[in-house]
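Next up, my_file_15.txt (compact mmCIF, C-alpha atoms):
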```txt
# COMPACT_ATOMS: atom_id res chain seq x y z
CA MET U 21 29.35 -6.58 32.70
CA LEU U 22 27.23 -9.76 35.05
CA ILE U 23 23.56 -11.67 37.44
CA LEU U 24 13.87 -13.84 44.76
CA THR U 25 7.54 -13.40 51.41
CA THR U 26 4.02 -14.69 51.11
CA VAL U 27 2.37 -15.28 47.79
CA LEU U 28 1.74 -11.95 46.09
CA THR U 29 -1.83 -11.94 44.89
CA THR U 30 -3.50 -8.96 43.32
CA GLY U 31 -4.89 -7.95 46.65
CA ALA U 32 -1.56 -8.38 48.37
CA LEU U 33 0.05 -5.99 45.91
CA THR U 34 -2.29 -3.17 46.94
CA LEU U 35 -0.36 -0.30 48.46
CA THR U 36 -0.65 0.08 52.22
CA ALA U 37 -2.47 3.36 51.84
CA CYS U 38 -4.33 4.35 48.72
CA GLY U 39 -6.67 7.13 47.84
CA SER U 40 -6.38 10.80 47.01
CA ARG U 41 -2.98 12.45 46.86
CA ASP U 42 -2.26 15.21 49.31
CA ASP U 43 -0.30 18.33 48.36
CA LYS U 44 2.98 16.80 49.52
CA GLY U 45 2.81 13.77 47.28
CA GLY U 46 1.47 11.55 49.99
CA SER U 47 -1.76 9.61 49.98
CA SER U 48 -4.57 9.52 52.43
CA SER U 49 -7.27 7.06 53.38
CA GLY U 50 -9.35 7.12 56.49
CA GLY U 51 -7.30 9.97 57.95
CA GLU U 52 -3.96 8.23 57.39
CA SER U 53 -1.39 10.27 55.49
CA LYS U 54 1.62 8.79 53.74
CA THR U 55 4.57 10.25 51.89
CA THR U 56 5.50 8.70 48.56
CA VAL U 57 9.20 7.91 48.32
CA VAL U 58 10.40 7.02 44.85
CA ILE U 59 13.23 4.60 44.05
CA GLY U 60 14.52 5.10 40.54
CA VAL U 61 15.51 2.07 38.48
CA ASP U 62 17.90 2.45 35.56
CA ALA U 63 18.47 -0.48 33.20
CA PRO U 64 18.35 -1.41 29.50
CA LEU U 65 14.64 -2.14 29.05
CA SER U 66 14.95 -2.34 25.26
CA GLY U 67 17.62 -3.55 22.88
CA ASP U 68 20.03 -6.47 22.95
CA LEU U 69 20.52 -6.49 26.74
CA SER U 70 16.85 -6.06 27.66
CA ALA U 71 16.54 -9.61 29.05
CA LEU U 72 18.86 -8.65 31.91
CA GLY U 73 17.38 -5.17 32.22
CA LEU U 74 13.78 -6.36 32.50
CA GLY U 75 14.81 -8.81 35.21
CA ILE U 76 16.30 -5.86 37.10
CA ARG U 77 13.15 -3.77 36.66
CA ASN U 78 10.84 -6.53 37.83
CA SER U 79 12.93 -7.52 40.84
CA ALA U 80 13.11 -3.91 42.05
CA ASP U 81 9.35 -3.65 41.59
CA LEU U 82 8.85 -6.76 43.71
CA ALA U 83 11.00 -5.36 46.53
CA VAL U 84 9.03 -2.11 46.57
CA LYS U 85 5.69 -3.92 46.61
CA THR U 86 6.86 -6.22 49.39
CA ALA U 87 7.98 -3.28 51.55
CA ASN U 88 4.61 -1.58 51.05
CA LYS U 89 2.72 -4.77 51.86
CA GLN U 90 4.69 -5.12 55.09
CA ASN U 91 4.27 -1.41 55.91
CA LEU U 92 8.00 -1.58 56.56
CA VAL U 93 8.36 2.17 56.98
CA PRO U 94 5.22 3.60 58.63
CA GLY U 95 4.16 6.79 56.93
CA VAL U 96 5.91 5.92 53.68
CA THR U 97 4.65 4.40 50.44
CA PHE U 98 7.47 3.34 48.14
CA LYS U 99 7.20 3.60 44.39
CA ALA U 100 9.56 2.25 41.72
CA GLU U 101 10.21 4.44 38.70
CA PRO U 102 12.03 2.54 35.92
CA LEU U 103 13.79 4.31 33.06
CA ASP U 104 15.33 2.70 29.98
CA ASP U 105 19.02 3.56 29.46
CA GLN U 106 19.28 1.45 26.27
CA ALA U 107 22.75 0.39 27.55
CA GLN U 108 23.99 3.82 26.40
CA PRO U 109 26.03 6.11 28.73
CA SER U 110 24.49 9.26 27.22
CA VAL U 111 20.96 7.99 27.95
CA GLY U 112 22.01 6.94 31.44
CA LEU U 113 23.17 10.51 32.07
CA GLN U 114 19.79 11.83 30.89
CA ASN U 115 18.04 9.40 33.23
CA ALA U 116 20.23 10.49 36.15
CA THR U 117 19.17 14.08 35.48
CA LYS U 118 15.50 13.02 35.49
CA PHE U 119 15.89 11.21 38.80
CA ILE U 120 17.63 14.21 40.33
CA SER U 121 14.89 16.60 39.20
CA ASN U 122 12.20 14.43 40.84
CA LYS U 123 12.42 15.50 44.47
CA ALA U 124 10.55 12.37 45.58
CA VAL U 125 13.44 10.13 44.45
CA ALA U 126 15.50 9.00 47.45
CA GLY U 127 17.76 6.50 45.68
CA VAL U 128 18.52 4.81 42.37
CA VAL U 129 18.94 1.10 41.60
CA GLY U 130 21.16 0.27 38.63
CA PRO U 131 22.44 0.41 36.03
CA LEU U 132 23.47 -2.85 34.36
CA ASN U 133 26.51 -1.56 32.47
CA SER U 134 29.61 -0.15 34.16
CA SER U 135 30.12 2.27 31.27
CA VAL U 136 26.62 3.66 31.84
CA SER U 137 27.33 3.99 35.54
CA GLN U 138 30.41 6.08 34.81
CA SER U 139 28.16 8.72 33.24
CA MET U 140 25.71 8.66 36.16
CA GLN U 141 27.96 8.56 39.21
CA LYS U 142 29.04 12.21 39.45
CA PRO U 143 25.64 13.89 38.99
CA LEU U 144 23.99 11.45 41.41
CA ASN U 145 26.81 11.99 43.89
CA ASP U 146 26.55 15.79 43.58
CA ALA U 147 22.84 15.46 44.35
CA LYS U 148 23.61 13.17 47.34
CA LEU U 149 21.38 10.59 45.70
CA THR U 150 22.23 7.04 46.75
CA GLN U 151 22.97 4.64 43.89
CA VAL U 152 23.11 0.87 44.33
CA SER U 153 23.93 -1.30 41.33
CA PRO U 154 23.20 -5.03 41.28
CA ALA U 155 25.41 -5.58 38.23
CA ASN U 156 28.29 -3.08 37.88
CA THR U 157 31.56 -4.93 38.37
CA GLY U 158 34.10 -2.38 37.06
CA THR U 159 36.57 -2.15 39.97
CA GLU U 160 37.40 1.52 39.34
CA LEU U 161 33.80 2.53 40.06
CA THR U 162 34.38 2.10 43.79
CA GLN U 163 38.17 2.00 44.18
CA GLY U 164 39.34 4.56 41.61
CA ASP U 165 41.63 4.23 38.62
CA GLY U 166 44.66 3.56 40.82
CA TRP U 167 43.34 0.28 42.25
CA LYS U 168 45.67 -1.80 40.05
CA THR U 169 48.71 -0.28 41.74
CA GLY U 170 47.23 -0.61 45.21
CA GLU U 171 46.16 3.03 45.45
CA LYS U 172 42.51 2.51 46.27
CA LYS U 173 40.44 5.65 46.66
CA ARG U 174 36.67 5.82 46.59
CA PRO U 175 35.70 8.35 43.90
CA PHE U 176 32.00 8.74 44.74
CA ALA U 177 30.53 8.32 48.23
CA SER U 178 27.00 7.76 46.88
CA PHE U 179 27.81 4.63 44.84
CA PHE U 180 27.29 1.11 46.24
CA ARG U 181 26.86 -2.31 44.66
CA THR U 182 25.63 -5.77 45.53
CA ALA U 183 27.81 -7.32 42.79
CA THR U 184 31.47 -7.95 43.51
CA THR U 185 34.24 -6.45 41.38
CA ASP U 186 35.92 -7.56 38.17
CA GLN U 187 39.11 -7.85 40.18
CA VAL U 188 37.42 -10.72 42.01
CA GLN U 189 35.48 -12.12 39.06
CA GLY U 190 38.32 -12.17 36.53
CA ALA U 191 40.72 -13.75 39.01
CA PHE U 192 38.13 -16.37 40.00
CA ALA U 193 37.57 -17.27 36.33
CA ALA U 194 41.31 -17.62 35.77
CA LYS U 195 41.71 -19.89 38.77
CA TYR U 196 38.76 -22.06 37.72
CA LEU U 197 39.95 -22.40 34.14
CA TYR U 198 43.56 -23.18 35.11
CA THR U 199 43.15 -25.36 38.20
CA THR U 200 39.76 -27.05 37.66
CA ALA U 201 39.28 -27.14 33.89
CA LYS U 202 43.04 -27.79 33.43
CA ILE U 203 43.35 -25.30 30.58
CA ASP U 204 46.74 -23.59 30.32
CA LYS U 205 46.58 -21.78 26.96
CA VAL U 206 43.99 -19.06 26.37
CA TYR U 207 43.21 -16.57 23.63
CA LEU U 208 42.06 -13.31 25.24
CA MET U 209 39.45 -11.02 23.70
CA ASP U 210 37.31 -8.10 24.85
CA ASP U 211 34.76 -5.63 23.50
CA GLN U 212 36.73 -2.48 24.48
CA LYS U 213 33.99 -1.38 26.89
CA THR U 214 34.63 -0.60 30.57
CA TYR U 215 33.23 -3.89 31.82
CA GLY U 216 34.74 -6.17 29.18
CA ALA U 217 38.22 -4.64 29.14
CA GLY U 218 38.45 -4.61 32.94
CA LEU U 219 37.33 -8.20 33.21
CA ALA U 220 39.82 -9.39 30.58
CA ALA U 221 42.67 -7.51 32.28
CA SER U 222 41.90 -9.08 35.65
CA PHE U 223 41.67 -12.54 34.08
CA LYS U 224 45.01 -12.10 32.31
CA ASP U 225 46.79 -10.96 35.45
CA GLN U 226 45.70 -13.96 37.53
CA PHE U 227 45.95 -16.54 34.73
CA THR U 228 49.58 -15.68 34.00
CA LYS U 229 50.43 -15.62 37.71
CA LEU U 230 49.13 -19.18 37.96
CA GLY U 231 51.37 -20.27 35.07
CA GLY U 232 48.90 -20.03 32.21
CA LYS U 233 49.86 -18.62 28.81
CA ILE U 234 47.97 -16.00 26.81
CA VAL U 235 48.59 -17.13 23.21
CA GLY U 236 46.91 -14.15 21.56
CA THR U 237 44.84 -11.05 22.25
CA ASP U 238 42.25 -9.12 20.28
CA HIS U 239 39.49 -6.54 20.56
CA ILE U 240 36.13 -6.59 18.81
CA ASN U 241 33.31 -4.17 18.17
CA PRO U 242 30.39 -5.37 20.33
CA GLU U 243 27.96 -4.32 17.60
CA ASP U 244 29.55 -6.70 15.06
CA ARG U 245 28.16 -10.16 14.38
CA ASP U 246 30.71 -11.41 11.84
CA PHE U 247 33.79 -12.60 13.71
CA ASN U 248 35.42 -14.82 11.09
CA ALA U 249 38.59 -12.71 10.96
CA VAL U 250 39.34 -13.07 14.69
CA VAL U 251 38.11 -16.68 14.70
CA THR U 252 40.87 -17.50 12.18
CA LYS U 253 43.45 -16.04 14.57
CA VAL U 254 42.10 -18.09 17.47
CA LYS U 255 42.07 -21.23 15.35
CA THR U 256 45.78 -20.99 14.51
CA SER U 257 46.91 -19.86 17.97
CA GLY U 258 46.87 -23.23 19.71
CA ALA U 259 44.49 -21.89 22.37
CA LYS U 260 42.57 -24.40 24.46
CA ALA U 261 39.92 -21.82 25.37
CA LEU U 262 38.80 -18.34 24.36
CA TYR U 263 38.21 -15.91 27.23
CA TYR U 264 35.89 -13.07 26.24
CA GLY U 265 35.34 -9.90 28.24
CA GLY U 266 31.96 -8.67 27.07
CA GLU U 267 28.25 -9.46 26.91
CA TYR U 268 26.05 -12.16 25.43
CA PRO U 269 24.77 -10.44 22.23
CA ALA U 270 28.26 -10.68 20.70
CA ALA U 271 29.52 -13.66 22.72
CA GLY U 272 26.82 -15.99 21.35
CA PRO U 273 27.64 -15.63 17.65
CA LEU U 274 31.37 -15.40 18.43
CA SER U 275 31.26 -18.79 20.10
CA GLN U 276 29.16 -20.37 17.36
CA GLN U 277 31.42 -19.09 14.59
CA LEU U 278 34.40 -20.43 16.51
CA LYS U 279 32.82 -23.90 16.64
CA ASP U 280 31.70 -23.65 13.00
CA SER U 281 35.34 -23.14 12.04
CA GLY U 282 36.16 -26.55 13.46
CA THR U 283 37.80 -25.17 16.62
CA LYS U 284 36.22 -27.23 19.36
CA ILE U 285 37.28 -25.14 22.35
CA PRO U 286 35.05 -23.47 24.94
CA LEU U 287 34.36 -19.78 25.15
CA MET U 288 34.41 -18.44 28.70
CA GLY U 289 33.12 -15.09 29.88
CA GLY U 290 31.81 -13.26 32.94
CA ASP U 291 28.34 -12.43 34.21
CA GLY U 292 27.75 -10.42 31.04
CA ILE U 293 27.24 -13.65 29.11
CA TYR U 294 25.50 -15.51 31.94
CA SER U 295 22.00 -15.15 30.55
CA ALA U 296 19.44 -17.61 29.22
CA GLU U 297 19.74 -15.65 25.97
CA PHE U 298 23.32 -16.86 25.37
CA PRO U 299 22.40 -20.47 24.45
CA LYS U 300 19.56 -19.14 22.30
CA LEU U 301 22.02 -17.12 20.24
CA ASN U 302 24.48 -19.98 19.98
CA LYS U 303 23.42 -23.38 18.71
CA LYS U 304 26.84 -24.76 19.67
CA ALA U 305 27.07 -23.34 23.19
CA GLU U 306 27.45 -26.76 24.81
CA GLY U 307 30.52 -26.71 27.05
CA ASP U 308 30.91 -22.93 27.14
CA LEU U 309 31.67 -21.38 30.53
CA ALA U 310 30.70 -18.29 32.50
CA THR U 311 31.16 -16.84 35.95
CA SER U 312 28.58 -14.84 37.86
CA VAL U 313 28.34 -13.11 41.20
CA GLY U 314 26.98 -14.98 44.20
CA LYS U 315 25.63 -18.52 44.36
CA PRO U 316 22.70 -19.52 42.15
CA VAL U 317 19.64 -18.16 43.91
CA GLU U 318 17.93 -21.49 43.29
CA GLN U 319 20.44 -23.07 45.71
CA LEU U 320 19.93 -20.51 48.47
CA GLU U 321 17.50 -21.03 51.33
CA SER U 322 17.40 -17.23 51.65
CA ALA U 323 16.05 -16.93 48.09
CA LYS U 324 13.10 -19.34 48.27
CA LYS U 325 10.58 -16.66 49.15
CA PHE U 326 11.89 -14.35 46.45
CA ILE U 327 11.55 -17.06 43.81
CA ALA U 328 8.01 -17.93 44.94
CA ASP U 329 6.92 -14.29 45.10
CA TYR U 330 8.42 -13.50 41.72
CA LYS U 331 6.64 -16.45 40.16
CA ASN U 332 3.35 -15.39 41.68
CA GLY U 333 3.88 -11.72 40.95
CA GLY U 334 2.78 -12.09 37.34
CA TYR U 335 6.04 -10.99 35.76
CA LYS U 336 6.35 -12.12 32.16
CA GLU U 337 10.16 -12.02 32.08
CA SER U 338 12.68 -14.05 34.07
CA TYR U 339 14.54 -12.44 36.96
CA GLU U 340 17.71 -13.48 35.13
CA ALA U 341 21.23 -13.17 36.53
CA TYR U 342 20.69 -10.08 38.67
CA GLY U 343 17.24 -10.68 40.19
CA GLY U 344 18.40 -11.51 43.69
CA GLY U 345 21.05 -8.81 43.70
CA THR U 346 18.53 -6.25 42.45
CA TYR U 347 16.06 -7.13 45.18
CA ASP U 348 18.83 -6.70 47.75
CA ALA U 349 19.99 -3.42 46.17
CA THR U 350 16.45 -2.03 46.31
CA TRP U 351 15.97 -3.31 49.85
CA SER U 352 19.21 -1.58 50.87
CA ILE U 353 17.75 1.79 49.88
CA ILE U 354 14.48 0.94 51.61
CA GLU U 355 16.38 0.02 54.80
CA ALA U 356 18.36 3.27 54.59
CA VAL U 357 15.13 5.28 54.28
CA LYS U 358 13.76 3.35 57.26
CA LEU U 359 16.80 4.33 59.34
CA ALA U 360 16.57 7.96 58.22
CA VAL U 361 12.89 8.15 59.18
CA ALA U 362 13.51 6.46 62.55
CA ASP U 363 16.34 8.90 63.32
CA ASN U 364 13.95 11.78 62.58
CA GLY U 365 11.36 10.82 65.16
CA GLY U 366 9.37 8.63 62.77
CA LYS U 367 8.85 11.39 60.22
CA VAL U 368 10.26 11.64 56.72
CA PRO U 369 13.05 14.23 56.95
CA ASP U 370 12.97 17.21 54.59
CA ASP U 371 16.54 16.37 53.59
CA LEU U 372 15.78 12.72 52.87
CA ARG U 373 18.46 12.24 50.20
CA PRO U 374 21.53 13.06 52.34
CA LYS U 375 19.99 11.29 55.33
CA THR U 376 19.40 8.16 53.24
CA LEU U 377 22.98 8.29 51.97
CA GLU U 378 24.29 8.74 55.51
CA ALA U 379 22.25 5.75 56.69
CA MET U 380 23.73 3.46 54.00
CA ALA U 381 26.83 2.98 56.15
CA LYS U 382 24.62 1.28 58.75
CA VAL U 383 22.65 -0.94 56.38
CA LYS U 384 23.04 -4.61 57.20
CA PHE U 385 20.45 -7.35 56.72
CA GLU U 386 19.88 -10.91 55.57
CA GLY U 387 18.97 -10.62 51.93
CA VAL U 388 17.98 -12.83 49.06
CA THR U 389 21.62 -13.44 48.18
CA GLY U 390 22.74 -13.87 51.80
CA PRO U 391 24.13 -11.31 54.28
CA VAL U 392 24.08 -7.80 52.79
CA SER U 393 26.45 -5.04 53.90
CA TYR U 394 28.99 -2.70 52.32
CA ASP U 395 32.64 -1.93 52.99
CA GLU U 396 34.40 1.45 53.09
CA PHE U 397 34.43 1.62 49.29
CA GLY U 398 30.73 0.84 48.87
CA ASP U 399 31.54 -2.68 47.67
CA THR U 400 29.54 -5.66 48.81
CA THR U 401 31.17 -7.73 51.53
CA ASN U 402 29.86 -10.85 49.77
CA THR U 403 32.55 -12.15 47.36
CA MET U 404 30.84 -15.43 46.54
CA MET U 405 31.36 -16.42 42.89
CA THR U 406 30.02 -19.30 40.79
CA ALA U 407 31.31 -20.95 37.62
CA TYR U 408 28.67 -22.22 35.17
CA GLN U 409 28.77 -24.43 32.09
CA VAL U 410 26.23 -24.87 29.29
CA GLU U 411 24.78 -28.37 29.45
CA GLY U 412 21.70 -29.32 27.45
CA SER U 413 21.27 -25.73 26.20
CA ALA U 414 21.10 -24.27 29.73
CA TRP U 415 23.55 -22.92 32.26
CA LYS U 416 24.40 -25.37 35.05
CA PRO U 417 26.36 -24.37 38.19
CA LYS U 418 29.64 -26.22 38.55
CA PHE U 419 31.53 -24.60 41.42
CA SER U 420 30.99 -21.84 43.99
CA GLU U 421 33.50 -20.14 46.27
CA ALA U 422 33.83 -16.99 48.41
CA TYR U 423 36.84 -15.83 46.44
CA LYS U 424 39.40 -13.23 47.42
CA PRO U 425 42.29 -12.59 45.03
```

Could you express the structure from this file as structure tokens?
Amino acid sequence: MLILTTVLTTGALTLTACGSRDDKGGSSSGGESKTTVVIGVDAPLSGDLSALGLGIRNSADLAVKTANKQNLVPGVTFKAEPLDDQAQPSVGLQNATKFISNKAVAGVVGPLNSSVSQSMQKPLNDAKLTQVSPANTGTELTQGDGWKTGEKKRPFASFFRTATTDQVQGAFAAKYLYTTAKIDKVYLMDDQKTYGAGLAASFKDQFTKLGGKIVGTDHINPEDRDFNAVVTKVKTSGAKALYYGGEYPAAGPLSQQLKDSGTKIPLMGGDGIYSAEFPKLNKKAEGDLATSVGKPVEQLESAKKFIADYKNGGYKESYEAYGGGTYDATWSIIEAVKLAVADNGGKVPDDLRPKTLEAMAKVKFEGVTGPVSYDEFGDTTNTMMTAYQVEGSAWKPKFSEAYKP
């Protein structure tokens, strides 16, 4: 798993054209006719990971409202349609089917979980429906299962992401822990899910290359909350840190139980634990570490307007780790639609889905998180990573780098 334009008042959020719907799903007012183009949003809006999912939903909503306010694509009114995948692949597949059946949907933002994305990629690809995830980091999603042996092959042409891969993230974490934190013995653990297992494998590969030693390995059930059995193994292993590939609902209690056992070593994880919820679940989180994609949006000049607009947009939940990346993912689809409409003489093409997908190769803009563009695999060209540490019950950025393993 990992990860912001003018103040938006109630009036400013009013769609560019409002009024009665025409037969084609557009809207008309004063003789002006617009076509409604829907951007689907898939994320866990309920359950343990809902803090991250609601940040994704809200940030996509803000991007859509901003595009409408700017009348970015004349003749088009954008609409966000969020669906709750409950962090379950089977539900994600159902949501993909719903998006496909809605002919107004031109693209999909999400999901949060790589395992959910694996269930959605093929049907969305078959429908030529562009998918841009702000959070999926599983390397195989864009480079195929053979990426570890250097045989990179893009499995689905419709899948893109604004988050970099676990290959980058795991290696960056290993380098930070070994060279900066000066930790050379690590116990390795993951939750057996696509994201967690991939992240742990990448970390292990780079950590051992640097000279670090993996003193023990284990897998846990991410639904469990009693980790005393594995904590005992970590305690007797001589590890100076525990690296966990997984997400914050299990990582929080795992870390606390580790500290409760008298083992005063940090837990480190990826963007799946980089959430404000992690310190809330762990009264002894002080000193724990995480990596996340990009630089903290609060440090980016390019994110100031996003942060101000989000604050003034009336959203009850935080934009969390993926707010900036979600805004940029949504804006990517909006830009692709803009290109497709421009290439069709200023009219929305009847075959908008394939035209939007075709236009994604040309998408390039300055986004919330910095320059946004995609390589031949659909991966972001932005490999900036940041290491964080819990200080005073909150995550604090410690080091950022454009990392390439």

Interface rows for range 121-175 of chain U against range 65-88 of chain U: nearest pair, Å to one decimal, 12 Å, all atoms listed in the file, as a Markdown table:
```
| residue | atom | partner | partner_atom | distance |
| --- | --- | --- | --- | --- |
| U:Gly127 | CA | U:Ala80 | CA | 12.0 |
| U:Val128 | CA | U:Ala80 | CA | 10.3 |
| U:Val129 | CA | U:Ala80 | CA | 7.7 |
| U:Gly130 | CA | U:Ile76 | CA | 8.0 |
| U:Pro131 | CA | U:Gly73 | CA | 8.4 |
| U:Leu132 | CA | U:Gly73 | CA | 6.9 |
| U:Asn133 | CA | U:Leu69 | CA | 9.6 |
| U:Val152 | CA | U:Ala80 | CA | 11.3 |
| U:Ser153 | CA | U:Ile76 | CA | 9.8 |
| U:Pro154 | CA | U:Ile76 | CA | 8.1 |
| U:Ala155 | CA | U:Ile76 | CA | 9.2 |
```

* **Non-local contacts of range 167-184 of chain U (8 Å; all atoms listed in the file; under 4 positions in same chain excluded) as number ranges by chain** => U: 141-142, 144-145, 148-157, 159-163, 188-189, 313-314, 345-346, 348-349, 377, 392, 394, 397-400, 402-403

Given all atoms listed in the file, how would the per-residue table for range 52-162 of chain U near range 191-214 of chain U read, listing every residue at most 8 Å away with its closest atom pair and distance in Å to one decimal, sorted by chain and number, as a Markdown table?
```
| residue | atom | partner | partner_atom | distance |
| --- | --- | --- | --- | --- |
| U:Ser134 | CA | U:Thr214 | CA | 6.2 |
| U:Ser135 | CA | U:Thr214 | CA | 5.4 |
| U:Gly158 | CA | U:Thr214 | CA | 6.8 |
```

* Structure fact -> Using all atoms listed in the file, the residue out of U:Thr350, U:Leu278, U:Val254, U:Val136 with shortest distance to Lys99 in chain U is U:Thr350

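Closest approach to Ile293 in chain U among U:Gly265, U:Gly190, U:Gly333, U:Gly232 is made by U:Gly265 (distances from all atoms listed in the file).
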
* Kindly give the distance, in Å, that separates CA of Thr389 in chain U and CA of Val125 in chain U, rounded to a single decimal. => 25.2 Å

* Using all atoms listed in the file, determine which residues lie at most 7 Å from range 356-370 of chain U, disregarding the query and same-chain residues fewer than 2 positions distant; provide the list as a ChimeraX atom specification. => /U:93,352-354,372,375-376,379-380,383

* Quick one: pull the distance between CA of Lys54 in chain U and CA of Asn91 in chain U, Å, one decimal. => 10.8 Å

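The coordinates place CA of Phe419 in chain U at 26.5 Å from CA of Glu337 in chain U.
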
* Choose the residue, out of U:Ala259, U:Met140, U:Ala147, U:Ala310, that has the smallest atom-to-atom separation from Gly236 in chain U; count only C-alpha atoms. => U:Ala259

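With only C-alpha atoms as the atoms that count, the residue of U:Thr228, U:Gln409, U:Glu321, U:Leu274 with the shortest distance to Ala249 in chain U is U:Leu274.
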
Will you model N, CA and C atoms for range 293-309 of chain U and pass it back as a compact mmCIF listing (two decimals), keeping the file's coordinate frame?
```txt
# COMPACT_ATOMS: atom_id res chain seq x y z
N ILE U 293 27.75 -12.63 30.04
CA ILE U 293 27.24 -13.65 29.11
C ILE U 293 26.35 -14.66 29.84
N TYR U 294 26.32 -14.57 31.17
CA TYR U 294 25.50 -15.51 31.94
C TYR U 294 24.04 -15.08 31.87
N SER U 295 23.41 -15.45 30.79
CA SER U 295 22.00 -15.15 30.55
C SER U 295 21.40 -16.32 29.77
N ALA U 296 20.13 -16.55 29.97
CA ALA U 296 19.44 -17.61 29.22
C ALA U 296 19.44 -17.30 27.73
N GLU U 297 19.71 -16.05 27.38
CA GLU U 297 19.74 -15.65 25.97
C GLU U 297 20.97 -16.20 25.26
N PHE U 298 22.07 -16.42 26.00
CA PHE U 298 23.32 -16.86 25.37
C PHE U 298 23.15 -18.18 24.61
N PRO U 299 22.59 -19.23 25.21
CA PRO U 299 22.40 -20.47 24.45
C PRO U 299 21.42 -20.33 23.30
N LYS U 300 20.51 -19.36 23.39
CA LYS U 300 19.56 -19.14 22.30
C LYS U 300 20.25 -18.54 21.08
N LEU U 301 21.29 -17.77 21.33
CA LEU U 301 22.02 -17.12 20.24
C LEU U 301 23.12 -18.00 19.68
N ASN U 302 23.32 -19.15 20.30
CA ASN U 302 24.48 -19.98 19.98
C ASN U 302 24.08 -21.46 19.98
N LYS U 303 23.87 -21.99 18.81
CA LYS U 303 23.42 -23.38 18.71
C LYS U 303 24.51 -24.38 19.11
N LYS U 304 25.73 -23.89 19.28
CA LYS U 304 26.84 -24.76 19.67
C LYS U 304 27.46 -24.31 20.98
N ALA U 305 26.60 -23.86 21.91
CA ALA U 305 27.07 -23.34 23.19
C ALA U 305 27.49 -24.42 24.17
N GLU U 306 27.15 -25.67 23.89
CA GLU U 306 27.45 -26.76 24.81
C GLU U 306 28.93 -26.73 25.22
N GLY U 307 29.16 -26.71 26.53
CA GLY U 307 30.52 -26.71 27.05
C GLY U 307 31.09 -25.33 27.33
N ASP U 308 30.43 -24.28 26.86
CA ASP U 308 30.91 -22.93 27.14
C ASP U 308 30.77 -22.62 28.63
N LEU U 309 31.56 -21.66 29.10
CA LEU U 309 31.67 -21.38 30.53
C LEU U 309 31.38 -19.91 30.83
```
